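Text of the file entry_28.txt, holding compact mmCIF, C-alpha atoms:
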```txt
# COMPACT_ATOMS: atom_id res chain seq x y z
CA MET A 1 86.05 149.80 98.51
CA THR A 2 84.02 147.87 101.01
CA ILE A 3 80.44 148.70 101.77
CA VAL A 4 79.76 148.08 105.39
CA GLY A 5 76.15 147.56 106.39
CA ARG A 6 75.15 149.25 109.58
CA GLY A 7 72.97 146.40 110.74
CA GLY A 8 69.71 146.74 112.61
CA SER A 9 67.85 147.53 109.42
CA ALA A 10 65.01 145.05 109.23
CA PRO A 11 63.67 144.16 105.80
CA GLY A 12 60.57 146.10 104.88
CA PRO A 13 57.09 144.64 105.23
CA GLN A 14 55.90 142.61 102.27
CA VAL A 15 53.36 144.08 99.90
CA THR A 16 50.74 141.63 98.70
CA GLU A 17 49.26 141.52 95.22
CA THR A 18 45.76 142.36 96.40
CA GLU A 19 46.68 145.55 98.20
CA ARG A 20 46.38 148.87 96.41
CA ASP A 21 47.55 152.39 97.08
CA PRO A 22 45.18 154.42 99.24
CA ASP A 23 43.22 157.24 97.62
CA ASP A 24 44.13 159.50 100.50
CA TRP A 25 47.64 158.67 101.61
CA VAL A 26 47.82 161.18 104.43
CA ARG A 27 44.56 159.99 105.97
CA ALA A 28 45.49 156.32 105.61
CA LEU A 29 48.90 156.89 107.16
CA SER A 30 47.42 158.91 110.00
CA LEU A 31 44.79 156.39 111.08
CA GLU A 32 45.24 153.26 113.16
CA GLY A 33 44.20 149.85 111.92
CA PRO A 34 44.46 147.65 108.82
CA GLU A 35 44.21 150.54 106.35
CA HIS A 36 47.18 152.17 108.08
CA ASP A 37 49.24 148.99 107.90
CA ILE A 38 48.52 148.56 104.20
CA ALA A 39 49.43 152.19 103.55
CA LEU A 40 52.71 151.73 105.40
CA ARG A 41 53.57 148.69 103.31
CA ARG A 42 52.67 150.46 100.07
CA LEU A 43 54.67 153.51 101.09
CA HIS A 44 57.71 151.43 101.97
CA ALA A 45 57.54 149.72 98.59
CA LEU A 46 57.45 153.15 96.88
CA LEU A 47 60.48 154.30 98.83
CA VAL A 48 62.45 151.13 98.08
CA ARG A 49 61.72 151.64 94.38
CA ALA A 50 62.96 155.24 94.46
CA ALA A 51 66.01 154.42 96.58
CA ARG A 52 67.02 151.60 94.24
CA HIS A 53 66.55 153.91 91.26
CA GLN A 54 68.88 156.45 92.88
CA VAL A 55 71.56 154.05 94.04
CA TRP A 56 71.75 152.39 90.62
CA ARG A 57 72.01 155.83 88.97
CA MET A 58 75.02 156.59 91.14
CA ARG A 59 76.46 153.08 90.87
CA PRO A 60 79.71 154.29 89.19
CA MET A 61 80.61 156.04 92.45
CA LEU A 62 80.77 152.63 94.16
CA PRO A 63 83.10 150.61 91.95
CA GLY A 64 83.78 147.86 94.50
CA ALA A 65 80.18 147.22 95.45
CA GLY A 66 78.29 144.16 94.24
CA PRO A 67 74.55 143.96 93.51
CA GLU A 68 73.80 142.65 96.98
CA GLN A 69 75.55 145.56 98.65
CA ILE A 70 73.84 148.01 96.33
CA GLU A 71 70.45 146.58 97.25
CA GLU A 72 71.32 146.68 100.93
CA LEU A 73 72.27 150.32 100.65
CA ALA A 74 68.99 151.10 98.87
CA ASP A 75 66.91 149.25 101.47
CA GLN A 76 68.67 151.08 104.25
CA ALA A 77 68.06 154.43 102.54
CA ALA A 78 64.38 153.55 102.08
CA ASP A 79 64.02 152.75 105.78
CA GLU A 80 65.57 156.06 106.75
CA ALA A 81 63.51 157.94 104.19
CA MET A 82 60.36 156.36 105.64
CA VAL A 83 61.17 157.79 109.07
CA ALA A 84 61.93 161.22 107.58
CA LEU A 85 58.74 161.24 105.51
CA LEU A 86 56.44 160.17 108.34
CA GLY A 87 57.93 162.93 110.46
CA LYS A 88 56.91 165.45 107.81
CA LEU A 89 53.60 163.89 106.80
CA SER A 90 51.59 166.80 108.17
CA THR A 91 53.46 169.20 105.86
CA PHE A 92 52.24 167.53 102.67
CA GLN A 93 50.07 170.14 100.97
CA GLY A 94 49.09 168.34 97.79
CA ARG A 95 51.10 170.56 95.44
CA SER A 96 52.18 167.37 93.69
CA ARG A 97 51.01 163.79 93.75
CA PHE A 98 51.79 162.08 97.03
CA THR A 99 53.96 159.51 95.26
CA THR A 100 56.18 162.20 93.72
CA TRP A 101 56.45 163.89 97.11
CA ALA A 102 57.38 160.55 98.70
CA TYR A 103 59.95 159.64 96.05
CA LYS A 104 62.04 162.71 96.74
CA PHE A 105 62.65 161.61 100.35
CA ALA A 106 64.09 158.31 99.19
CA ILE A 107 66.12 159.92 96.42
CA LEU A 108 67.67 162.43 98.84
CA GLN A 109 68.46 159.75 101.39
CA ALA A 110 69.88 157.31 98.86
CA ALA A 111 72.02 159.94 97.14
CA THR A 112 73.39 161.08 100.49
CA GLU A 113 74.19 157.47 101.46
CA VAL A 114 75.97 156.78 98.18
CA ARG A 115 78.11 159.92 98.42
CA SER A 116 78.93 159.08 102.01
CA GLN A 117 79.94 155.52 101.09
CA ALA A 118 81.96 156.68 98.11
CA TRP A 119 83.97 159.06 100.29
CA ARG A 120 84.13 156.84 103.36
CA SER A 121 87.81 156.03 102.95
CA ARG A 122 88.79 159.32 101.33
CA GLN A 123 90.30 162.15 103.24
CA VAL A 124 88.85 165.63 102.89
CA VAL A 125 91.61 168.20 103.15
CA LEU A 126 90.42 171.69 103.89
CA ASP A 127 92.96 174.30 103.10
CA ASP A 128 93.10 177.72 101.54
CA SER A 129 96.52 177.37 99.99
CA HIS A 130 97.62 179.15 96.86
CA VAL A 131 95.47 178.65 93.81
CA THR A 132 96.69 178.67 90.24
CA VAL A 133 94.20 179.56 87.56
CA ASP A 134 95.05 177.89 84.26
CA LEU A 135 92.54 178.63 81.55
CA GLY A 136 94.41 176.71 78.86
CA PRO A 137 94.08 179.37 76.18
CA SER A 138 94.76 179.13 72.53
CA VAL A 139 97.64 181.31 71.27
CA GLU A 140 95.31 184.12 70.16
CA GLU A 141 93.54 184.18 73.48
CA TYR A 142 96.70 183.98 75.54
CA ALA A 143 97.01 187.58 76.73
CA GLU A 144 93.32 187.91 77.56
CA ALA A 145 93.19 184.57 79.35
CA ALA A 146 96.37 185.26 81.31
CA ASP A 147 94.90 188.57 82.46
CA LEU A 148 91.65 186.90 83.53
CA ALA A 149 93.59 184.14 85.28
CA ARG A 150 95.55 186.73 87.29
CA ALA A 151 92.35 188.57 88.18
CA ALA A 152 90.60 185.36 89.21
CA THR A 153 93.54 184.29 91.39
CA CYS A 154 93.51 187.72 93.00
CA ALA A 155 89.74 187.51 93.61
CA ILE A 156 89.98 184.08 95.24
CA GLU A 157 92.90 185.11 97.44
CA GLN A 158 91.77 188.61 98.39
CA ALA A 159 87.99 188.75 98.27
CA LEU A 160 87.23 185.68 100.37
CA THR A 161 87.58 184.93 104.04
CA PRO A 162 89.74 181.86 104.79
CA HIS A 163 86.57 179.90 105.64
CA GLN A 164 84.85 180.87 102.39
CA ARG A 165 87.98 180.00 100.42
CA ARG A 166 88.34 176.59 102.05
CA ILE A 167 84.68 175.71 101.44
CA MET A 168 84.65 177.01 97.89
CA LEU A 169 87.84 175.17 96.94
CA ALA A 170 86.75 171.93 98.58
CA LEU A 171 83.37 171.95 96.81
CA LEU A 172 84.30 173.29 93.39
CA VAL A 173 87.97 172.43 92.87
CA ASP A 174 88.36 169.24 94.89
CA ASP A 175 84.80 168.10 94.05
CA VAL A 176 83.95 167.02 97.59
CA PRO A 177 80.18 166.34 97.62
CA ILE A 178 78.36 168.97 99.63
CA ASP A 179 76.70 166.49 101.99
CA VAL A 180 80.01 164.68 102.60
CA LEU A 181 81.67 167.97 103.49
CA ALA A 182 78.71 168.86 105.72
CA GLU A 183 79.00 165.52 107.52
CA ARG A 184 82.75 165.94 108.08
CA LEU A 185 82.32 169.48 109.38
CA GLY A 186 79.28 168.72 111.52
CA THR A 187 77.11 171.17 109.60
CA ASN A 188 74.46 170.83 106.90
CA ARG A 189 74.05 171.26 103.17
CA ASN A 190 72.14 174.53 103.59
CA ALA A 191 74.89 176.22 105.58
CA LEU A 192 77.61 175.18 103.13
CA TYR A 193 75.58 176.27 100.13
CA LYS A 194 75.07 179.67 101.78
CA THR A 195 78.82 179.98 102.33
CA LEU A 196 79.41 179.05 98.69
CA HIS A 197 76.76 181.53 97.55
CA ASP A 198 78.37 184.34 99.55
CA ALA A 199 81.81 183.43 98.20
CA ARG A 200 80.52 183.52 94.64
CA VAL A 201 78.99 186.95 95.24
CA ARG A 202 82.36 188.22 96.52
CA VAL A 203 84.38 186.74 93.66
CA ARG A 204 81.96 188.18 91.13
CA ALA A 205 82.03 191.60 92.76
CA HIS A 206 85.85 191.59 92.79
CA LEU A 207 86.04 190.62 89.13
CA ALA A 208 83.38 193.19 88.23
CA ALA A 209 85.32 195.90 90.06
CA SER A 210 88.46 195.05 88.10
CA GLY A 211 86.55 195.11 84.83
CA HIS A 212 86.69 191.37 84.17
CA LEU A 213 83.00 190.65 84.66
CA GLN A 214 79.85 192.57 83.86
CA PRO A 215 78.23 193.83 87.08
CA VAL A 216 74.89 192.18 87.80
CA ARG A 217 71.95 194.47 87.21
CA ARG A 218 69.14 194.25 89.68
CA VAL A 219 65.56 193.89 88.54
CA GLY A 220 64.25 197.25 87.35
CA GLU A 221 67.72 198.66 86.62
CA ILE A 222 68.54 199.66 83.07
CA MET B 1 97.08 175.74 105.73
CA SER B 2 99.20 173.48 103.59
CA ASP B 3 101.49 173.91 100.63
CA ARG B 4 99.16 171.88 98.42
CA GLY B 5 98.45 174.01 95.36
CA ARG B 6 95.37 173.71 93.19
CA THR B 7 94.73 174.57 89.62
CA VAL B 8 91.49 176.21 88.58
CA THR B 9 90.49 175.38 85.03
CA ARG B 10 88.21 177.42 82.80
CA GLU B 11 85.28 175.15 83.67
CA VAL B 12 85.89 175.52 87.40
CA LEU B 13 86.26 179.28 87.02
CA HIS B 14 82.83 179.34 85.40
CA SER B 15 81.43 177.55 88.44
CA LEU B 16 83.29 179.84 90.86
CA THR B 17 81.74 182.89 89.26
CA LEU B 18 78.19 181.65 88.73
CA ASN B 19 75.54 184.20 89.50
CA THR B 20 73.43 182.45 92.16
CA GLU B 21 70.88 185.20 92.62
CA PRO B 22 67.99 184.92 93.32
CA TRP B 23 68.84 183.02 96.46
CA LEU B 24 67.27 179.65 97.20
CA SER B 25 68.49 177.31 99.93
CA CYS B 26 68.92 173.57 99.47
CA ASP B 27 66.09 172.95 101.95
CA ASP B 28 63.76 175.20 99.97
CA CYS B 29 64.83 173.48 96.77
CA PHE B 30 63.88 170.15 98.33
CA GLU B 31 60.51 171.55 99.39
CA LEU B 32 59.74 172.74 95.87
CA MET B 33 61.30 169.86 93.93
CA ASP B 34 58.24 167.58 93.57
CA GLY B 35 56.00 170.34 92.27
CA TYR B 36 58.75 171.61 89.98
CA VAL B 37 59.31 168.17 88.47
CA GLU B 38 55.61 167.59 87.84
CA ARG B 39 55.30 170.97 86.13
CA LYS B 40 58.31 170.24 83.95
CA LEU B 41 56.80 166.90 83.01
CA ALA B 42 53.49 168.50 82.13
CA ASP B 43 55.17 171.30 80.18
CA PRO B 44 58.80 170.76 79.13
CA GLY B 45 59.03 174.48 78.36
CA TYR B 46 58.15 175.42 81.93
CA VAL B 47 60.80 177.65 83.51
CA ASP B 48 61.19 178.51 87.15
CA PRO B 49 64.14 180.94 87.27
CA VAL B 50 64.72 180.53 91.00
CA MET B 51 64.82 176.73 90.84
CA ALA B 52 66.86 176.79 87.63
CA THR B 53 69.45 179.08 89.22
CA HIS B 54 69.80 176.83 92.25
CA LEU B 55 70.01 173.66 90.18
CA ASP B 56 72.74 175.18 88.01
CA ALA B 57 74.74 176.03 91.10
CA CYS B 58 74.20 172.99 93.34
CA SER B 59 75.22 169.69 91.77
CA ALA B 60 73.75 167.58 94.57
CA CYS B 61 70.27 169.12 94.28
CA ALA B 62 70.54 168.96 90.49
CA GLU B 63 71.30 165.22 90.56
CA GLU B 64 68.33 164.60 92.84
CA ALA B 65 65.94 166.70 90.75
CA GLU B 66 67.06 164.96 87.54
CA SER B 67 66.64 161.61 89.20
CA LEU B 68 63.15 162.45 90.44
CA TYR B 69 62.22 163.65 86.96
CA ALA B 70 63.49 160.40 85.44
CA LEU B 71 61.68 158.25 87.99
CA VAL B 72 58.32 160.02 87.70
CA SER B 73 58.66 160.20 83.93
CA ALA B 74 59.31 156.45 83.73
CA GLY B 75 56.29 155.82 85.97
CA SER B 76 54.02 157.94 83.81
CA ARG B 77 55.19 155.97 80.76
CA GLY B 78 54.49 152.69 82.55
CA ILE B 79 58.16 151.68 82.74
```
In structure tokens, what does this structure look like?
Amino acid sequence: MTIVGRGGSAPGPQVTETERDPDDWVRALSLEGPEHDIALRRLHALLVRAARHQVWRMRPMLPGAGPEQIEELADQAADEAMVALLGKLSTFQGRSRFTTWAYKFAILQAATEVRSQAWRSRQVVLDDSHVTVDLGPSVEEYAEAADLARAATCAIEQALTPHQRRIMLALLVDDVPIDVLAERLGTNRNALYKTLHDARVRVRAHLAASGHLQPVRRVGEI
Amino acid sequence: MSDRGRTVTREVLHSLTLNTEPWLSCDDCFELMDGYVERKLADPGYVDPVMATHLDACSACAEEAESLYALVSAGSRGI
């Protein structure tokens, strides 16, 4: 697989040894002047660190990529995370340290970039074709497992809308990453997770109605 | 629609039938993730049932939360 840089991503500003993190990140990043510039450099360095951490964690997804391409991907993710974070700076409420809050932007961006790269040349086929449930039972479990397999097949085929079935099968059977599927469908992770959640509720309800799953009790029910 | 069949294994069936109540969106998970990770670091026994349910059910959010935990943990140990 070839990693193709998008270009236009300038290297981040250099952090000098004498600079230190601001005591009040939000204030420093909101002001104009030298303190602001230092804060921006320190923030960018934090984001590069987190993005590199994430890309190297997911390195096995990019078998053809060399160290230079990995670093380029991380730097690109850090740049994009910086834009996202600064756009949300006013929402930081101090429920965690600022650095932890900042890291998550770079981790999200880097993970999304890696999944996107890993699936760049792979086709995502959305279909709701017939599903076979094979639970691979031992001999003793055979009858019970075969019954559950039939019930599960029935639930998937009858309880779900075609859209729910396609999304559920793509995410859970074909293992398409949720943000890759969102990108291909022009939607977002939230919307797909909601579809998956609703599909799970329907499958569970169908299996509960046929006696294959314990119904979920709501809080306060005995 | 195609004629491509798929086989659902026991492991996948478990995932298909996960109970994902109480509901939490991926965006809300992201909002809460930093605070959740710091609490888990301060108290490994800390449990947030809503976050735990979402992280069990969403592999992308789970990967990012585990990664954040590892990164902050390494920082607090001076790695």
Inset, instruction - Scan for residues within 12 Å of the point (85.4, 174.1, 86.3) in the coordinates of the file, using all atoms listed in the file, and reply as number ranges by chain. - result: A: 133-136, 168-169, 171-175; B: 7-18, 57
Selection export as a short mmCIF file (atom, residue, chain, number, x, y, z; two decimals), in the coordinates of the input, atoms kept: C-alpha atoms:
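Output contents, as saved in selection16.cif:
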```cif
data_model
loop_
_atom_site.label_atom_id
_atom_site.label_comp_id
_atom_site.auth_asym_id
_atom_site.auth_seq_id
_atom_site.Cartn_x
_atom_site.Cartn_y
_atom_site.Cartn_z
CA VAL A 133 94.20 179.56 87.56
CA ASP A 134 95.05 177.89 84.26
CA LEU A 135 92.54 178.63 81.55
CA GLY A 136 94.41 176.71 78.86
CA MET A 168 84.65 177.01 97.89
CA LEU A 169 87.84 175.17 96.94
CA LEU A 171 83.37 171.95 96.81
CA LEU A 172 84.30 173.29 93.39
CA VAL A 173 87.97 172.43 92.87
CA ASP A 174 88.36 169.24 94.89
CA ASP A 175 84.80 168.10 94.05
CA THR B 7 94.73 174.57 89.62
CA VAL B 8 91.49 176.21 88.58
CA THR B 9 90.49 175.38 85.03
CA ARG B 10 88.21 177.42 82.80
CA GLU B 11 85.28 175.15 83.67
CA VAL B 12 85.89 175.52 87.40
CA LEU B 13 86.26 179.28 87.02
CA HIS B 14 82.83 179.34 85.40
CA SER B 15 81.43 177.55 88.44
CA LEU B 16 83.29 179.84 90.86
CA THR B 17 81.74 182.89 89.26
CA LEU B 18 78.19 181.65 88.73
CA ALA B 57 74.74 176.03 91.10
#
```
Inset, instruction - Kindly indicate which residue among B:Arg6, B:Thr20, B:His54, B:Tyr69 lies nearest to Val131 in chain A, using all atoms listed in the file for the distances. - result: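 Of B:Arg6, B:Thr20, B:His54, B:Tyr69, the one nearest Val131 in chain A is B:Arg6, counting all atoms listed in the file.
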Report as JSON lines the residues of chain A within 6 Å of chain B, each with its shortest atom pair and distance in Å (one decimal), using all atoms listed in the file, ordered by chain and increasing residue number.
```
{"residue": "A:Arg95", "atom": "CA", "partner": "B:Gly35", "partner_atom": "CA", "distance": 5.8}
{"residue": "A:Ser96", "atom": "CA", "partner": "B:Gly35", "partner_atom": "CA", "distance": 5.0}
{"residue": "A:Thr100", "atom": "CA", "partner": "B:Asp34", "partner_atom": "CA", "distance": 5.8}
{"residue": "A:Trp101", "atom": "CA", "partner": "B:Asp34", "partner_atom": "CA", "distance": 5.4}
{"residue": "A:Asp127", "atom": "CA", "partner": "B:Met1", "partner_atom": "CA", "distance": 5.1}
{"residue": "A:Ser129", "atom": "CA", "partner": "B:Ser2", "partner_atom": "CA", "distance": 5.9}
{"residue": "A:His130", "atom": "CA", "partner": "B:Gly5", "partner_atom": "CA", "distance": 5.4}
{"residue": "A:Val131", "atom": "CA", "partner": "B:Arg6", "partner_atom": "CA", "distance": 5.0}
{"residue": "A:Thr132", "atom": "CA", "partner": "B:Thr7", "partner_atom": "CA", "distance": 4.6}
{"residue": "A:Val133", "atom": "CA", "partner": "B:Val8", "partner_atom": "CA", "distance": 4.4}
{"residue": "A:Asp134", "atom": "CA", "partner": "B:Thr9", "partner_atom": "CA", "distance": 5.3}
{"residue": "A:Leu135", "atom": "CA", "partner": "B:Arg10", "partner_atom": "CA", "distance": 4.7}
{"residue": "A:Asn190", "atom": "CA", "partner": "B:Cys26", "partner_atom": "CA", "distance": 5.3}
{"residue": "A:Arg200", "atom": "CA", "partner": "B:Thr17", "partner_atom": "CA", "distance": 5.6}
{"residue": "A:Arg204", "atom": "CA", "partner": "B:Thr17", "partner_atom": "CA", "distance": 5.6}
```
Inset, instruction - May I ask for the distance between CA of Gln158 in chain A and CA of Glu144 in chain A, given in Å to one decimal place? - result: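 The value is 20.9 Å.
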Inset, instruction - Quote the spacing between CA of Ala28 in chain A and CA of Val83 in chain A in Å to one decimal place. - result: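 If I compute the distance from CA of Ala28 in chain A to CA of Val83 in chain A, I get 16.1 Å.
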Legend entry - CA of Ser76 in chain B to CA of Val114 in chain A, straight-line distance in Å: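 Atom-to-atom, CA of Val114 in chain A and CA of Ser76 in chain B are spaced 26.3 Å apart.
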If we count only C-alpha atoms, what is near His212 in chain A at a cut-off of 12 Å, once residues fewer than 6 positions away on the same chain are taken out, given as a PDB file with C-alpha atoms, keeping the file's coordinate frame?
```pdb
ATOM      1  CA  GLU A 144      93.320 187.910  77.560  1.00  0.00           C
ATOM      2  CA  ALA A 145      93.190 184.570  79.350  1.00  0.00           C
ATOM      3  CA  ALA A 146      96.370 185.260  81.310  1.00  0.00           C
ATOM      4  CA  ASP A 147      94.900 188.570  82.460  1.00  0.00           C
ATOM      5  CA  LEU A 148      91.650 186.900  83.530  1.00  0.00           C
ATOM      6  CA  ALA A 149      93.590 184.140  85.280  1.00  0.00           C
ATOM      7  CA  ARG A 150      95.550 186.730  87.290  1.00  0.00           C
ATOM      8  CA  ALA A 151      92.350 188.570  88.180  1.00  0.00           C
ATOM      9  CA  ALA A 152      90.600 185.360  89.210  1.00  0.00           C
ATOM     10  CA  CYS A 154      93.510 187.720  93.000  1.00  0.00           C
ATOM     11  CA  ALA A 155      89.740 187.510  93.610  1.00  0.00           C
ATOM     12  CA  VAL A 203      84.380 186.740  93.660  1.00  0.00           C
ATOM     13  CA  ARG A 204      81.960 188.180  91.130  1.00  0.00           C
ATOM     14  CA  ALA A 205      82.030 191.600  92.760  1.00  0.00           C
ATOM     15  CA  HIS A 206      85.850 191.590  92.790  1.00  0.00           C
TER      16      HIS A 206
ATOM     17  CA  THR B  17      81.740 182.890  89.260  1.00  0.00           C
TER      18      THR B  17
END
```
